[in-house]
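Participant: Here you go, one structure.
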Amino acid sequence: MAGPVVRSEQGLPVSQEEQAAAVAAVRDLLGPDHRVVSVEKSVCVREEEVLLVNGTPITLEGEEGEAIKDCLLRGAIPNQDLINHLLIKAGLLMKPMKVSTELSVKSSTTKSENVFLHKNGEILDEQCRERREVQEYSSQVEEDWRPEGPQEAGKSLRDRLQSTDSINMDRLEADLSQHSLDNSFDSEGRCTPGGRCSTPRDGGRSPGLVRGPETGVVVSGTLEELVQELVPRAHSCPSDSFQFAFLLSSRLYVTPSHLLAEVCRRADQLATMMAPVSHPAFVANLLRLLANWCTWFPYDYQEEAVMARVRRLVALCVARDAAVAGRTTQLLQSLLRHLAAVDRHTDYVARVARLQAAAEESGAPIVDVTALHGAEPGVLAQQLTHLELQFLSFIGPDEFVNAFARDSGTRGGEEEEEARVRAGKKTSNLESYISWFNRLSFLIASSVVCHRKKKHRVRLIEFWIEVARECVNIGNFNSMMGVISGLNMAPVSRLRRTWTKIHSGKFAVLGHQLDPSSNFVSYRTTLQAAVSRSENATDKKQRVVIPFFTLLIKDLYFVNEGCASRLANGHINMEKARVLAEHVSQFMRWKDMECPYEKVSRLLDYLERSPSLGPSKLDWASFEAEAAESPQEKEQYRQLKAEFRKTS
């Protein structure tokens with residue numbers, strides 16, 4: 001087979017070193033043991049002029065920049081007053097000093113080598129290498145300098161130049177209008193003969209992928225380039241942090257089905273181009289991506305279209321490396337088991353909701369929790385923790401982004417809009433958990449107001465306060481907030497004669513956790529202490545952390561709204577996606593904790609299935625327990641009385 005064929009669009013000679021670099025780029029992309037059929041080489045030359053002052057580059061813009069360039073092209077040092085004006089603009093000089101100024105004209109030639117892989121006229125992949133050649137002209141001048149006075153500072157550039165004998169402004173304008181460089185560039189950075197050299201301020205066309213200058217981490221990119229980055233190679237695989245951040249945010253721009261189809265297409269193309277010796281490493285990296293996707297975002301695979309593409313990707317892996325057949329089977333079986341568990345949980349939540357509704361419609365009496373056997377505050381707090389972790393375990397990280405997609409007012413293209421609409425419908429587990437929190441608050445309020453005797457209401461309030469304190473000790477802050485919210489509901493908080501019998505300090509300490517001042521600083525301090533305990537604990541009972549979910553959603557919402565998902569140049573903002581992924585990842589660690597406490601069925605049944613009162617019935621029961629006192633309460637009681645008279 002013939003060796004590499006390298007062509008230059010400019011007809012420039014190609015050295016052996018350049019040929020070897022092109023072949024090395026292809027092998028780095030696809031792995032060793034490949035023979036290059038052809039390589040296309042395009043060369044783009046860009047010239048750039050900068051002014052270096054004590055090593056600090058200053059952009060030559062406007063009249064000052066043109067004047068300085070004119071002087072340097074003549075071999076003369078620019079007027080010191082003009083230079084000082086630029087130094088002030090750059091913030092380099094603020095007081096009188098002895099200055100030694102070095103002026104350097106840098107001519108930089110950049111040669112870009114773009115390596116394209118073609119198949120049937122379609123570009124499969126590309127890589128870019130750059131080489132720069134720099135030529136500099138330097139000169140020095142040393143002078144005493146002091147800042148301009150107010151009158152001088154207010155002068156225009158024309159006035160400053162005309163006030164000196166070294167440059168005549170009219171002659172300068174005429175010279176600059178006639179002056180031209182031998183080569184310049186069009187708006188896309190292509191070299192054109194003659195004319196002025198014009199470099200766009202944004203550096204020309206934005207690259208498809210932008211990385212941090214020091215870390216090399218992807219900070220932004222087009223959707224196409226980010227998908228390209230997601231697909232592993234034979235000898236490289238994107239980091240787990242990039243995979244999680246991109247897969248989490250991608251549903252705002254493309255459906256999981258379309259994304260997986262693109263991954264399959266690109267993987268198939270790469271596998272076709274590779275030598276067989278590279279297939280095992282490539283397949284291993286590809287399965288790593290698929291395993292992470294199935295583990296982190298299993299709900300993506302509830303659609304049959306996605307499962308069809310998974311089977312296609314698995315078939316590709318097995319065809320290229322038969323040794324992974326057993327592993328792929330285990331991966332698919334694990335995914336199907338999880339999806340089956342999700343279906344069972346969904347059915348269970350629906351069945352419990354029907355039982356609750358039936359009990360409330362039948363007018364079943366409210367159960368007194370303190371009368372249940374074994375209903376101690378500590379034990380009940382443990383059972384609340386069981387239910388919290390059960391609901392949390394089925395919340396996928398994608399549901400947070402799905403909720404943002406549903407509420408987003410941003411509009412994109414047709415495919416992006418479809419992705420947002422479909423994502424917004426996949427928040428069922430998130431909504432179930434929020435419904436559970438609301439049920440807990442209504443259950444607690446109902447258990448208090450249903451008692452006609454004050455001493456029984458006092459006993460129930462003190463019992464729930466102790467339950468909330470035990471929840472804090474466990475690290476279950478969501479149930480603690482649910483208890484506080486229930487006791488703070490108007491039908492309970494208005495029972496003044498009842499609350500006079502409660503020790504004021506007992507509830508005040510808990511109520512302080514709901515203080516919104518300084519962005520809930522009291523609660524956040526307590527939560528951080530629990531997190532530190534969890535990270536250093538060996539006992540499973542000390543590892544439980546269940547955050548206040550409403551505030552968690554609020555924090556994630558502000559992270560999402562704090563900066564744009566897309567940048568001005570159309571790139572996807574991966575820095576924002578990474579920050580959001582870090583917050584969600586921490587929550588995922590908390591929710592996957594195994595509950596260390598034994599289940600008590602009768603208490604779990606009480607929490608899940610016992611009837612509670614709706615808003616109107618709560619208000620009515622509260623007025624039946626303690627009569628309305630203020631004019632507002634009396635008016636509310638009259639309205640409720642009329643409402644119940646109509647329905648009875």
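Residue numbering restarts at 1 in every chain; chains get A, B, ... in the order shown in the structure tokens, and ligands count up from 1 in that same order.
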What's around Phe477 in chain A at 9 Å? Count only C-alpha atoms, leave out sequence neighbours fewer than 3 positions away in its own chain, and write the answer as number ranges by chain.
Facilitator: A: 468, 471-472, 474, 480-482, 523, 527, 545-549
Participant: Restricting the output to N, CA and C atoms, write the selected residues as an mmCIF file, in the first residue's frame.
Facilitator:
data_model
loop_
_atom_site.group_PDB
_atom_site.id
_atom_site.type_symbol
_atom_site.label_atom_id
_atom_site.label_comp_id
_atom_site.auth_asym_id
_atom_site.auth_seq_id
_atom_site.Cartn_x
_atom_site.Cartn_y
_atom_site.Cartn_z
ATOM 1 N N ALA A 468 -38.946 15.170 66.009
ATOM 2 C CA ALA A 468 -38.111 16.054 65.197
ATOM 3 C C ALA A 468 -36.693 16.128 65.744
ATOM 4 N N CYS A 471 -34.882 13.114 64.748
ATOM 5 C CA CYS A 471 -34.520 13.181 63.330
ATOM 6 C C CYS A 471 -33.226 13.966 63.136
ATOM 7 N N VAL A 472 -33.059 15.047 63.884
ATOM 8 C CA VAL A 472 -31.820 15.819 63.808
ATOM 9 C C VAL A 472 -30.640 14.963 64.227
ATOM 10 N N ILE A 474 -30.321 11.804 64.001
ATOM 11 C CA ILE A 474 -30.068 10.789 62.978
ATOM 12 C C ILE A 474 -29.409 11.406 61.748
ATOM 13 N N MET A 480 -37.396 16.179 59.730
ATOM 14 C CA MET A 480 -37.414 17.201 60.773
ATOM 15 C C MET A 480 -38.147 18.445 60.288
ATOM 16 N N MET A 481 -37.857 18.867 59.050
ATOM 17 C CA MET A 481 -38.536 20.031 58.502
ATOM 18 C C MET A 481 -40.010 19.736 58.246
ATOM 19 N N GLY A 482 -40.337 18.491 57.881
ATOM 20 C CA GLY A 482 -41.737 18.129 57.694
ATOM 21 C C GLY A 482 -42.519 18.237 58.987
ATOM 22 N N TYR A 523 -29.657 26.326 59.592
ATOM 23 C CA TYR A 523 -29.825 24.969 59.061
ATOM 24 C C TYR A 523 -28.580 24.500 58.328
ATOM 25 N N LEU A 527 -26.441 21.161 58.985
ATOM 26 C CA LEU A 527 -26.267 20.175 57.907
ATOM 27 C C LEU A 527 -24.795 19.894 57.662
ATOM 28 N N VAL A 545 -27.355 11.093 55.907
ATOM 29 C CA VAL A 545 -27.572 12.526 55.683
ATOM 30 C C VAL A 545 -28.733 12.662 54.698
ATOM 31 N N ILE A 546 -29.843 13.225 55.166
ATOM 32 C CA ILE A 546 -31.011 13.465 54.303
ATOM 33 C C ILE A 546 -31.312 14.957 54.372
ATOM 34 N N PRO A 547 -30.940 15.718 53.339
ATOM 35 C CA PRO A 547 -31.090 17.180 53.403
ATOM 36 C C PRO A 547 -32.546 17.613 53.290
ATOM 37 N N PHE A 548 -32.786 18.847 53.680
ATOM 38 C CA PHE A 548 -34.101 19.470 53.499
ATOM 39 C C PHE A 548 -34.303 19.652 51.999
ATOM 40 N N PHE A 549 -35.215 18.870 51.430
ATOM 41 C CA PHE A 549 -35.280 18.731 49.982
ATOM 42 C C PHE A 549 -35.732 20.021 49.297
#
Participant: Quick one: residues within 12 Å of range 534-544 of chain A, only C-alpha atoms counted, chain neighbours fewer than 3 positions away excluded, as a PyMOL selection string?
Facilitator: chain A and resi 382+385-386+388-389+471-478+527-531+547+586-587+589-598
Participant: In Å, with one decimal, what is the gap from CA of Glu608 in chain A to CA of Phe400 in chain A?
Facilitator: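 Interatomic distance here is 24.8 Å.
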Participant: Might you pull out every residue within 8 Å of Cys317 in chain A, with only C-alpha atoms counted and same-chain residues fewer than 6 positions away left off, and present them as a PyMOL selection string?
Facilitator: chain A and resi 283+286-287+324
Participant: Find the residues around range 391-399 of chain A up to 6 Å (only C-alpha atoms counted), leave out those fewer than 4 positions away in its own chain, and share them as a ChimeraX atom specification.
Facilitator: /A:248,427,429-430,433,591-592
Participant: Pick out the closest residue to Thr329 in chain A from this set: A:Ile465, A:Ala291, A:Leu495, A:Val352. Count only C-alpha atoms.
Facilitator: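 For Thr329 in chain A, the nearest of the given residues is A:Ala291.
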Participant: Using backbone DSSP assignments, extract all strand (DSSP E or B) residues from range 447-582 of chain A; output them as a list in words.
Facilitator: Asn476, Ile546, Arg566, Ile572 and Asn573 of chain A
Participant: Rounded to one decimal place, report the CA of Met588 in chain A-CA of Lys554 in chain A distance in Å.
Facilitator: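 According to the coordinates, CA of Met588 in chain A and CA of Lys554 in chain A are separated by 16.5 Å.
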Participant: Can you pull out the residues contacting Ser334 in chain A? Cut-off 12 Å, using only C-alpha atoms, and skip same-chain residues under 4 positions away; I want them as a list in words.
Facilitator: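 So the residues in contact are Ala291, Cys294, Thr295, Pro298, Arg327, Thr328, Thr329, Gln330, His338, Leu339, Ala340 and Ala341 of chain A.
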Participant: For the atom pair CA of Ser257 in chain A and CA of Ala305 in chain A, what is the interatomic distance in Å to one decimal place?
Facilitator: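 If I compute the distance from CA of Ser257 in chain A to CA of Ala305 in chain A, I get 6.4 Å.
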Participant: Write out as a list of chain:residue names each polymer residue whose atoms come within 9 Å of Val600 in chain A, counting only C-alpha atoms; drop sequence neighbours fewer than 5 positions from it.
Facilitator: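 Near neighbours after the sequence-gap exclusion: A:Gly374, A:Val379, A:Leu380, A:Gln383, A:Asp605.
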Participant: Taking only C-alpha atoms into account, which of A:Pro276, A:Asn438, A:Ala381, A:Leu552 comes nearest Glu470 in chain A?
Facilitator: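 That would be A:Ala381, the residue with the smallest distance to Glu470 in chain A.
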Participant: From the set A:Gln243, A:Asn519, A:Ser493, A:Ser220, which residue has the shortest atom-to-atom contact distance to Asn569 in chain A, counting only C-alpha atoms?
Facilitator: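 Checking each candidate against Asn569 in chain A, we get A:Ser220 as the closest.
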